[in-house]
>>> print(open('coords-v6.cif').read())   # mmCIF, C-alpha atoms
data_run
loop_
_atom_site.group_PDB
_atom_site.id
_atom_site.type_symbol
_atom_site.label_atom_id
_atom_site.label_comp_id
_atom_site.auth_asym_id
_atom_site.auth_seq_id
_atom_site.Cartn_x
_atom_site.Cartn_y
_atom_site.Cartn_z
ATOM 1 C CA MET U 1 -26.700 15.144 -8.816
ATOM 2 C CA ALA U 2 -24.034 15.061 -11.500
ATOM 3 C CA VAL U 3 -22.201 18.218 -12.424
ATOM 4 C CA VAL U 4 -23.138 19.590 -15.809
ATOM 5 C CA LEU U 5 -20.172 20.208 -18.089
ATOM 6 C CA ALA U 6 -21.218 22.591 -20.815
ATOM 7 C CA PHE U 7 -18.825 24.242 -23.234
ATOM 8 C CA VAL U 8 -20.047 27.797 -22.730
ATOM 9 C CA THR U 9 -17.096 29.648 -24.172
ATOM 10 C CA VAL U 10 -17.814 33.289 -24.950
ATOM 11 C CA PHE U 11 -16.280 34.770 -28.060
ATOM 12 C CA PHE U 12 -15.767 38.493 -28.382
ATOM 13 C CA GLY U 13 -15.234 38.300 -32.135
ATOM 14 C CA TRP U 14 -12.167 39.040 -34.166
ATOM 15 C CA ILE U 15 -9.713 41.721 -33.088
ATOM 16 C CA PRO U 16 -7.274 43.764 -35.207
ATOM 17 C CA ASN U 17 -4.359 41.712 -36.466
ATOM 18 C CA PRO U 18 -1.382 42.814 -34.309
ATOM 19 C CA PHE U 19 1.103 41.496 -36.883
ATOM 20 C CA GLU U 20 -0.461 42.970 -40.007
ATOM 21 C CA ASP U 21 2.112 45.750 -40.504
ATOM 22 C CA GLU U 22 4.932 43.406 -39.542
ATOM 23 C CA SER U 23 3.806 40.787 -42.087
ATOM 24 C CA SER U 24 3.368 43.336 -44.873
ATOM 25 C CA ALA U 25 6.795 44.832 -44.307
ATOM 26 C CA ALA U 26 8.513 41.463 -44.207
ATOM 27 C CA SER U 27 6.781 39.992 -47.273
ATOM 28 C CA PRO U 28 8.725 39.935 -50.543
ATOM 29 C CA SER U 29 7.258 41.331 -53.748
ATOM 30 C CA PRO U 30 4.425 39.359 -55.402
ATOM 31 C CA ALA U 31 6.786 38.272 -58.147
ATOM 32 C CA ALA U 32 8.832 36.366 -55.630
ATOM 33 C CA HIS U 33 5.893 34.100 -54.750
ATOM 34 C CA PRO U 34 5.090 31.057 -56.867
ATOM 35 C CA PRO U 35 1.539 30.847 -58.212
ATOM 36 C CA ALA U 36 -1.116 29.498 -55.823
ATOM 37 C CA GLY U 37 -0.709 25.776 -55.517
ATOM 38 C CA GLY U 38 2.733 25.924 -57.088
ATOM 39 C CA ALA U 39 5.587 23.593 -56.283
ATOM 40 C CA GLY U 40 7.109 24.009 -52.852
ATOM 41 C CA GLN U 41 4.188 25.967 -51.414
ATOM 42 C CA VAL U 42 2.609 24.236 -48.403
ATOM 43 C CA LYS U 43 -0.463 25.781 -46.847
ATOM 44 C CA LYS U 44 -1.157 25.073 -43.199
ATOM 45 C CA PRO U 45 -2.721 26.651 -40.112
ATOM 46 C CA GLY U 46 -0.510 28.458 -37.613
ATOM 47 C CA LEU U 47 -2.364 28.677 -34.324
ATOM 48 C CA GLU U 48 -0.697 30.511 -31.429
ATOM 49 C CA VAL U 49 -1.629 31.984 -28.059
ATOM 50 C CA LEU U 50 -0.919 35.703 -27.945
ATOM 51 C CA SER U 51 -1.843 36.197 -24.309
ATOM 52 C CA GLN U 52 -3.653 34.727 -21.333
ATOM 53 C CA THR U 53 -4.996 36.453 -18.260
ATOM 54 C CA LEU U 54 -7.535 35.962 -15.508
ATOM 55 C CA ALA U 55 -10.587 38.026 -16.396
ATOM 56 C CA VAL U 56 -13.121 39.528 -13.979
ATOM 57 C CA PRO U 57 -15.159 36.691 -12.410
ATOM 58 C CA ALA U 58 -18.680 36.178 -13.757
ATOM 59 C CA ARG U 59 -21.812 34.972 -11.988
ATOM 60 C CA LEU U 60 -23.372 31.785 -13.370
ATOM 61 C CA SER U 61 -26.733 30.195 -12.678
ATOM 62 C CA ALA U 62 -26.419 27.217 -10.335
ATOM 63 C CA LYS U 63 -28.398 24.764 -8.261
ATOM 64 C CA PHE U 64 -27.312 24.059 -4.683
ATOM 65 C CA HIS U 65 -27.946 20.667 -3.061
ATOM 66 C CA ASP U 66 -27.741 19.900 0.667
ATOM 67 C CA GLU U 67 -29.452 17.766 3.279
ATOM 68 C CA GLU U 68 -32.516 20.015 3.251
ATOM 69 C CA GLY U 69 -33.058 19.723 -0.495
ATOM 70 C CA SER U 70 -32.089 21.936 -3.395
ATOM 71 C CA ARG U 71 -32.384 25.608 -4.271
ATOM 72 C CA ASP U 72 -31.625 27.803 -7.238
ATOM 73 C CA GLY U 73 -28.986 30.474 -7.028
ATOM 74 C CA THR U 74 -25.857 31.857 -8.614
ATOM 75 C CA VAL U 75 -22.151 31.280 -8.144
ATOM 76 C CA LEU U 76 -19.117 33.333 -9.126
ATOM 77 C CA ALA U 77 -16.791 31.556 -11.561
ATOM 78 C CA THR U 78 -13.119 32.133 -12.211
ATOM 79 C CA ARG U 79 -12.664 33.091 -15.876
ATOM 80 C CA LEU U 80 -9.613 32.576 -18.051
ATOM 81 C CA LEU U 81 -9.212 34.897 -21.048
ATOM 82 C CA LEU U 82 -7.120 33.608 -23.963
ATOM 83 C CA THR U 83 -6.238 35.613 -27.072
ATOM 84 C CA LEU U 84 -5.604 33.275 -30.010
ATOM 85 C CA ARG U 85 -4.291 34.027 -33.482
ATOM 86 C CA ASN U 86 -3.985 31.996 -36.644
ATOM 87 C CA ARG U 87 -0.848 33.065 -38.512
ATOM 88 C CA GLY U 88 -1.223 30.299 -41.069
ATOM 89 C CA ASP U 89 -2.775 30.048 -44.519
ATOM 90 C CA LEU U 90 -5.583 27.651 -43.600
ATOM 91 C CA GLU U 91 -8.369 27.691 -41.058
ATOM 92 C CA ALA U 92 -7.232 26.424 -37.646
ATOM 93 C CA VAL U 93 -9.515 24.195 -35.601
ATOM 94 C CA VAL U 94 -9.112 23.870 -31.831
ATOM 95 C CA THR U 95 -10.323 20.387 -30.905
ATOM 96 C CA GLU U 96 -9.315 20.235 -27.247
ATOM 97 C CA PHE U 97 -8.576 22.447 -24.243
ATOM 98 C CA ARG U 98 -6.658 20.991 -21.314
ATOM 99 C CA PHE U 99 -6.449 22.312 -17.761
ATOM 100 C CA THR U 100 -3.847 20.558 -15.627
ATOM 101 C CA VAL U 101 -4.015 21.353 -11.919
ATOM 102 C CA VAL U 102 -0.413 21.180 -10.707
ATOM 103 C CA ALA U 103 -1.054 22.594 -7.214
ATOM 104 C CA ALA U 104 -4.143 22.763 -4.997
ATOM 105 C CA ARG U 105 -3.779 23.934 -1.416
ATOM 106 C CA ALA U 106 -6.736 24.506 0.928
ATOM 107 C CA LEU U 107 -6.456 27.712 2.960
ATOM 108 C CA THR U 108 -7.941 27.814 6.448
ATOM 109 C CA ARG U 109 -8.572 30.662 8.818
ATOM 110 C CA GLY U 110 -7.246 30.488 12.332
ATOM 111 C CA THR U 111 -4.764 32.236 14.627
ATOM 112 C CA GLU U 112 -2.876 31.184 17.716
ATOM 113 C CA PRO U 113 -3.476 30.048 20.379
ATOM 114 C CA ASN U 114 -6.520 27.993 19.354
ATOM 115 C CA CYS U 115 -5.741 27.504 15.624
ATOM 116 C CA LEU U 116 -9.278 26.396 14.862
ATOM 117 C CA PRO U 117 -10.439 26.975 11.288
ATOM 118 C CA VAL U 118 -13.636 28.929 10.745
ATOM 119 C CA THR U 119 -16.159 26.680 9.001
ATOM 120 C CA GLY U 120 -19.851 26.762 8.291
ATOM 121 C CA GLY U 121 -20.647 23.088 8.218
ATOM 122 C CA GLY U 122 -20.254 20.513 5.465
ATOM 123 C CA PRO U 123 -19.894 21.381 1.773
ATOM 124 C CA THR U 124 -22.888 21.894 -0.490
ATOM 125 C CA GLU U 125 -22.874 20.321 -3.929
ATOM 126 C CA ILE U 126 -23.257 22.788 -6.786
ATOM 127 C CA THR U 127 -24.504 22.085 -10.280
ATOM 128 C CA ALA U 128 -23.356 24.873 -12.579
ATOM 129 C CA GLU U 129 -22.378 25.240 -16.216
ATOM 130 C CA TYR U 130 -18.638 25.543 -15.742
ATOM 131 C CA ASP U 131 -16.345 24.855 -18.666
ATOM 132 C CA ALA U 132 -14.063 22.978 -16.274
ATOM 133 C CA VAL U 133 -14.776 21.717 -12.764
ATOM 134 C CA LEU U 134 -11.741 22.090 -10.504
ATOM 135 C CA PRO U 135 -10.826 19.152 -8.241
ATOM 136 C CA ASN U 136 -10.896 19.338 -4.468
ATOM 137 C CA PRO U 137 -7.516 19.955 -2.816
ATOM 138 C CA ASP U 138 -7.249 16.382 -1.540
ATOM 139 C CA VAL U 139 -7.094 14.898 -5.056
ATOM 140 C CA GLN U 140 -3.890 13.293 -6.340
ATOM 141 C CA LEU U 141 -2.002 15.774 -8.514
ATOM 142 C CA PRO U 142 -1.406 16.563 -11.281
ATOM 143 C CA LYS U 143 -5.048 16.306 -12.353
ATOM 144 C CA THR U 144 -6.092 17.100 -15.935
ATOM 145 C CA ILE U 145 -9.541 18.284 -17.033
ATOM 146 C CA VAL U 146 -10.146 17.832 -20.766
ATOM 147 C CA LEU U 147 -12.653 19.804 -22.852
ATOM 148 C CA LYS U 148 -13.260 18.419 -26.314
ATOM 149 C CA ASP U 149 -15.079 20.581 -28.804
ATOM 150 C CA SER U 150 -14.589 22.106 -32.233
ATOM 151 C CA TYR U 151 -13.789 25.791 -32.560
ATOM 152 C CA SER U 152 -12.402 27.253 -35.784
ATOM 153 C CA LEU U 153 -10.330 30.355 -36.381
ATOM 154 C CA GLU U 154 -9.888 31.780 -39.866
ATOM 155 C CA ALA U 155 -6.448 32.336 -41.330
ATOM 156 C CA GLY U 156 -4.972 35.693 -40.361
ATOM 157 C CA LYS U 157 -7.573 36.332 -37.647
ATOM 158 C CA ALA U 158 -7.257 36.797 -33.893
ATOM 159 C CA GLU U 159 -10.006 36.187 -31.345
ATOM 160 C CA ARG U 160 -10.494 36.194 -27.610
ATOM 161 C CA VAL U 161 -12.050 33.253 -25.830
ATOM 162 C CA ILE U 162 -13.207 33.023 -22.213
ATOM 163 C CA LEU U 163 -13.378 29.775 -20.256
ATOM 164 C CA SER U 164 -15.059 29.462 -16.848
ATOM 165 C CA LEU U 165 -13.634 27.397 -13.974
ATOM 166 C CA GLY U 166 -15.276 26.507 -10.678
ATOM 167 C CA LEU U 167 -15.738 23.918 -7.944
ATOM 168 C CA LYS U 168 -18.396 21.264 -7.565
ATOM 169 C CA ASP U 169 -18.718 21.911 -3.820
ATOM 170 C CA GLU U 170 -19.301 25.192 -2.017
ATOM 171 C CA ARG U 171 -16.392 25.882 0.322
ATOM 172 C CA TYR U 172 -16.194 28.410 3.146
ATOM 173 C CA ASP U 173 -12.477 29.004 2.713
ATOM 174 C CA PRO U 174 -10.735 29.193 -0.657
ATOM 175 C CA VAL U 175 -8.303 26.836 -2.351
ATOM 176 C CA LEU U 176 -5.065 28.053 -3.896
ATOM 177 C CA TYR U 177 -4.748 26.623 -7.416
ATOM 178 C CA VAL U 178 -2.010 26.615 -10.020
ATOM 179 C CA VAL U 179 -3.353 25.471 -13.392
ATOM 180 C CA ARG U 180 -1.442 24.839 -16.616
ATOM 181 C CA VAL U 181 -3.450 25.427 -19.800
ATOM 182 C CA GLU U 182 -2.902 23.822 -23.211
ATOM 183 C CA LEU U 183 -4.870 23.384 -26.413
ATOM 184 C CA ARG U 184 -4.764 21.009 -29.379
ATOM 185 C CA GLU U 185 -5.003 22.148 -32.994
ATOM 186 C CA GLY U 186 -6.707 19.585 -35.218
ATOM 187 C CA ARG U 187 -5.232 16.123 -34.670
ATOM 188 C CA GLN U 188 -1.772 17.321 -33.697
ATOM 189 C CA LYS U 189 -0.113 15.204 -31.010
ATOM 190 C CA THR U 190 1.777 18.171 -29.607
ATOM 191 C CA PHE U 191 -0.269 20.587 -27.512
ATOM 192 C CA ILE U 192 0.080 24.356 -27.745
ATOM 193 C CA SER U 193 0.913 25.928 -24.398
ATOM 194 C CA ALA U 194 -1.327 28.711 -23.120
ATOM 195 C CA GLY U 195 0.745 29.292 -20.001
ATOM 196 C CA SER U 196 -0.260 28.813 -16.371
ATOM 197 C CA VAL U 197 -2.304 30.776 -13.850
ATOM 198 C CA ALA U 198 -2.493 30.959 -10.047
ATOM 199 C CA PHE U 199 -5.736 31.952 -8.336
ATOM 200 C CA LEU U 200 -8.065 31.416 -5.386
ATOM 201 C CA ALA U 201 -11.378 29.594 -5.780
ATOM 202 C CA PRO U 202 -14.262 29.604 -5.173
ATOM 203 C CA VAL U 203 -14.504 33.338 -5.754
ATOM 204 C CA ASP U 204 -17.423 33.734 -3.339
ATOM 205 C CA ALA U 205 -15.278 32.474 -0.441
ATOM 206 C CA THR U 206 -12.248 34.568 -1.362
ATOM 207 C CA SER U 207 -13.691 37.977 -0.410
ATOM 208 C CA ASP U 208 -14.457 36.856 3.149
ATOM 209 C CA PHE U 209 -11.036 35.251 3.468
ATOM 210 C CA LEU U 210 -9.316 38.465 2.378
ATOM 211 C CA LEU U 211 -11.230 40.476 4.984
ATOM 212 C CA TRP U 212 -10.230 37.986 7.652
ATOM 213 C CA ALA U 213 -6.572 37.942 6.583
ATOM 214 C CA GLY U 214 -6.341 41.741 6.577
ATOM 215 C CA ALA U 215 -7.891 41.936 10.051
ATOM 216 C CA ALA U 216 -5.588 39.212 11.391
ATOM 217 C CA VAL U 217 -2.502 41.060 10.140
ATOM 218 C CA ASP U 218 -3.733 44.361 11.603
ATOM 219 C CA ARG U 219 -4.173 42.669 14.984
ATOM 220 C CA LYS U 220 -0.637 41.240 14.644
ATOM 221 C CA SER U 221 -2.105 37.784 15.139
ATOM 222 C CA VAL U 222 0.033 34.723 14.432
ATOM 223 C CA LEU U 223 -1.560 32.619 11.697
ATOM 224 C CA CYS U 224 -2.038 28.914 12.239
ATOM 225 C CA ASP U 225 -0.316 28.379 8.891
ATOM 226 C CA PRO U 226 2.942 30.352 9.206
ATOM 227 C CA ASP U 227 4.083 29.011 5.832
ATOM 228 C CA LEU U 228 1.147 30.611 3.992
ATOM 229 C CA PRO U 229 3.184 33.538 2.547
ATOM 230 C CA ASP U 230 5.802 31.090 1.240
ATOM 231 C CA ARG U 231 3.119 28.849 -0.276
ATOM 232 C CA ILE U 232 1.571 31.785 -2.109
ATOM 233 C CA ASP U 233 4.963 33.042 -3.263
ATOM 234 C CA ARG U 234 5.824 29.605 -4.686
ATOM 235 C CA ALA U 235 2.477 29.386 -6.461
ATOM 236 C CA MET U 236 2.889 32.807 -8.032
ATOM 237 C CA SER U 237 6.421 31.962 -9.156
ATOM 238 C CA GLN U 238 5.061 28.848 -10.923
ATOM 239 C CA ALA U 239 2.476 30.809 -12.881
ATOM 240 C CA ASP U 240 2.560 33.276 -15.760
ATOM 241 C CA ASP U 241 -0.330 35.235 -14.261
ATOM 242 C CA ALA U 242 -1.913 35.521 -10.809
ATOM 243 C CA SER U 243 -5.392 36.715 -9.922
ATOM 244 C CA PRO U 244 -5.860 40.136 -8.282
ATOM 245 C CA GLN U 245 -7.310 38.408 -5.195
ATOM 246 C CA LEU U 246 -4.177 36.292 -4.793
ATOM 247 C CA ARG U 247 -1.931 39.345 -5.184
ATOM 248 C CA GLN U 248 -4.022 41.204 -2.624
ATOM 249 C CA LEU U 249 -3.693 38.351 -0.143
ATOM 250 C CA MET U 250 0.071 38.293 -0.640
ATOM 251 C CA ASN U 251 0.189 42.054 -0.017
ATOM 252 C CA PHE U 252 -1.729 41.606 3.245
ATOM 253 C CA LEU U 253 0.599 38.893 4.473
ATOM 254 C CA SER U 254 3.832 40.614 3.480
ATOM 255 C CA ARG U 255 3.166 44.120 4.746
ATOM 256 C CA PRO U 256 5.149 45.117 7.864
ATOM 257 C CA SER U 257 3.499 45.013 11.266
ATOM 258 C CA ARG U 258 2.206 48.331 12.508
#
>>> encode(input="coords-v6.cif", output="structure tokens")
Amino acid sequence: MAVVLAFVTVFFGWIPNPFEDESSAASPSPAAHPPAGGAGQVKKPGLEVLSQTLAVPARLSAKFHDEEGSRDGTVLATRLLLTLRNRGDLEAVVTEFRFTVVAARALTRGTEPNCLPVTGGGPTEITAEYDAVLPNPDVQLPKTIVLKDSYSLEAGKAERVILSLGLKDERYDPVLYVVRVELREGRQKTFISAGSVAFLAPVDATSDFLLWAGAAVDRKSVLCDPDLPDRIDRAMSQADDASPQLRQLMNFLSRPSR
């Protein structure tokens, strides 16, 4: 069953203009401005990304498909929060969001001497209304997911937008992702950077993995993947923001043995 891609962005409405006092102080007197539409005055939008962060995951409705049939349920989705502002004179229109996966590393549980990953069988296909479906870790990278839609932002306004990300298949251990985010204003050829984020997905599998990792460290067990701390450190150094779950995992793996 094909994955449904629905642009379900949530808008929290406009927020106070963080540059209002700055703009007023820097503006010359009205006499210094030519009349509206005068010579030399070019009006244009000025879209920019003020901030990006990984918001608290949200639960979405989903349908799960396996060999026994299908069932309704819910799935936790990673959510990216962007704060956008239009510093220009004209309305800005976002026509495209781009998510480029630059790193995807599957994490597996297992400690010496057996080094056998803990699994629960084959993956289950999920149909959910994600804004962007993340690729499996075995895909050739970089991999770009494109969302085309039309979202307008008035001149001088700032708004927050949330985008949901998730996987098509249910996994029992998480995947470490580093994703670069960009957006297009109008028909501009140059994309506006919204930074990059590092996180673990799917969210439902991450909680169990964190419990396992903490217990393994407490037992002073040797992980089957001794390079895991270095992999996480490299991913976090590539990104502008990292999810709390990823930071917690790094704390588990880097704390001294008791």
>>> resolve_selection(input="coords-v6.cif", expression="the PyMOL selection byres ((chain U and resi 144-152) around 7)", output="count of residues only")
16
>>> closest_residue(input="coords-v6.cif", among="U:Leu253, U:Val102, U:Ala194, U:Ala201", to="Glu182 of chain U", atoms="only C-alpha atoms")
U:Ala194
>>> resolve_selection(input="coords-v6.cif", expression="the PyMOL selection byres ((chain U and resi 68-74) around 12)", output="ChimeraX atom specification")
/U:1,58-67,75-77,124-130,170,203-204
>>> closest_residue(input="coords-v6.cif", among="U:Pro45, U:Gly156, U:Gly110, U:Pro202", to="Ala216 of chain U", atoms="all atoms listed in the file")
U:Gly110
>>> atom_distance(input="coords-v6.cif", atom1="atom CA of Tyr177 of chain U", atom2="atom CA of Phe199 of chain U")
5.5 Å
>>> closest_residue(input="coords-v6.cif", among="U:Ser196, U:Ser207, U:Thr78, U:Gln140", to="Tyr172 of chain U", atoms="all atoms listed in the file")
U:Ser207
>>> resolve_selection(input="coords-v6.cif", expression="the PyMOL selection byres ((chain U and resi 200) around 12)", output="NGL selection string")
:U and (54 or 57 or 76-79 or 103-107 or 134 or 137 or 165-167 or 171 or 173-179 or 197-199 or 201-210 or 232 or 235-236 or 242-250)
>>> atom_distance(input="coords-v6.cif", atom1="atom CA of Lys168 of chain U", atom2="atom CA of Gly195 of chain U")
24.2 Å
>>> closest_residue(input="coords-v6.cif", among="U:Val161, U:Gln188, U:Ala213, U:Ser193", to="Thr108 of chain U", atoms="all atoms listed in the file")
U:Ala213
>>> closest_residue(input="coords-v6.cif", among="U:Gln52, U:Thr111, U:Ser254, U:Ser164", to="Thr83 of chain U", atoms="all atoms listed in the file")
U:Gln52
>>> atom_distance(input="coords-v6.cif", atom1="atom CA of Glu159 of chain U", atom2="atom CA of Leu50 of chain U")
9.7 Å
>>> decode(input="coords-v6.cif", residues="segment 43-60 of chain U", atoms="N, CA and C atoms", output="PDB file, in the first residue's frame")
ATOM      1  N   LYS U  43      10.529  47.021  -4.657  1.00  0.00           N
ATOM      2  CA  LYS U  43       9.885  46.231  -3.606  1.00  0.00           C
ATOM      3  C   LYS U  43      10.082  44.746  -3.891  1.00  0.00           C
ATOM      4  N   LYS U  44      10.389  44.000  -2.855  1.00  0.00           N
ATOM      5  CA  LYS U  44      10.602  42.564  -3.022  1.00  0.00           C
ATOM      6  C   LYS U  44      10.426  41.873  -1.678  1.00  0.00           C
ATOM      7  N   PRO U  45      10.153  40.558  -1.702  1.00  0.00           N
ATOM      8  CA  PRO U  45      10.088  39.811  -0.449  1.00  0.00           C
ATOM      9  C   PRO U  45      11.481  39.583   0.107  1.00  0.00           C
ATOM     10  N   GLY U  46      11.558  39.282   1.389  1.00  0.00           N
ATOM     11  CA  GLY U  46      12.855  39.027   2.027  1.00  0.00           C
ATOM     12  C   GLY U  46      12.736  37.900   3.021  1.00  0.00           C
ATOM     13  N   LEU U  47      12.506  36.697   2.533  1.00  0.00           N
ATOM     14  CA  LEU U  47      12.276  35.550   3.398  1.00  0.00           C
ATOM     15  C   LEU U  47      13.574  35.077   4.046  1.00  0.00           C
ATOM     16  N   GLU U  48      13.517  34.752   5.340  1.00  0.00           N
ATOM     17  CA  GLU U  48      14.674  34.231   6.049  1.00  0.00           C
ATOM     18  C   GLU U  48      14.218  33.263   7.131  1.00  0.00           C
ATOM     19  N   VAL U  49      15.127  32.389   7.531  1.00  0.00           N
ATOM     20  CA  VAL U  49      14.859  31.428   8.599  1.00  0.00           C
ATOM     21  C   VAL U  49      15.509  31.952   9.874  1.00  0.00           C
ATOM     22  N   LEU U  50      14.676  32.268  10.858  1.00  0.00           N
ATOM     23  CA  LEU U  50      15.199  32.795  12.116  1.00  0.00           C
ATOM     24  C   LEU U  50      15.761  31.683  12.993  1.00  0.00           C
ATOM     25  N   SER U  51      15.109  30.538  12.996  1.00  0.00           N
ATOM     26  CA  SER U  51      15.581  29.445  13.834  1.00  0.00           C
ATOM     27  C   SER U  51      14.977  28.129  13.373  1.00  0.00           C
ATOM     28  N   GLN U  52      15.627  27.046  13.747  1.00  0.00           N
ATOM     29  CA  GLN U  52      15.096  25.709  13.509  1.00  0.00           C
ATOM     30  C   GLN U  52      15.453  24.851  14.708  1.00  0.00           C
ATOM     31  N   THR U  53      14.531  23.996  15.097  1.00  0.00           N
ATOM     32  CA  THR U  53      14.769  23.097  16.210  1.00  0.00           C
ATOM     33  C   THR U  53      13.891  21.867  16.067  1.00  0.00           C
ATOM     34  N   LEU U  54      14.241  20.823  16.760  1.00  0.00           N
ATOM     35  CA  LEU U  54      13.431  19.608  16.752  1.00  0.00           C
ATOM     36  C   LEU U  54      12.416  19.710  17.884  1.00  0.00           C
ATOM     37  N   ALA U  55      11.144  19.780  17.518  1.00  0.00           N
ATOM     38  CA  ALA U  55      10.077  19.934  18.488  1.00  0.00           C
ATOM     39  C   ALA U  55       9.752  18.587  19.131  1.00  0.00           C
ATOM     40  N   VAL U  56       8.873  18.618  20.135  1.00  0.00           N
ATOM     41  CA  VAL U  56       8.432  17.385  20.793  1.00  0.00           C
ATOM     42  C   VAL U  56       7.711  16.507  19.769  1.00  0.00           C
ATOM     43  N   PRO U  57       8.048  15.224  19.682  1.00  0.00           N
ATOM     44  CA  PRO U  57       7.369  14.349  18.714  1.00  0.00           C
ATOM     45  C   PRO U  57       5.860  14.341  18.919  1.00  0.00           C
ATOM     46  N   ALA U  58       5.132  14.108  17.835  1.00  0.00           N
ATOM     47  CA  ALA U  58       3.667  14.068  17.884  1.00  0.00           C
ATOM     48  C   ALA U  58       3.180  12.730  17.350  1.00  0.00           C
ATOM     49  N   ARG U  59       2.052  12.270  17.865  1.00  0.00           N
ATOM     50  CA  ARG U  59       1.497  10.987  17.441  1.00  0.00           C
ATOM     51  C   ARG U  59       0.504  11.210  16.303  1.00  0.00           C
ATOM     52  N   LEU U  60       0.712  10.489  15.200  1.00  0.00           N
ATOM     53  CA  LEU U  60      -0.134  10.587  14.023  1.00  0.00           C
ATOM     54  C   LEU U  60      -0.932   9.293  13.842  1.00  0.00           C
TER      55      LEU U  60
END
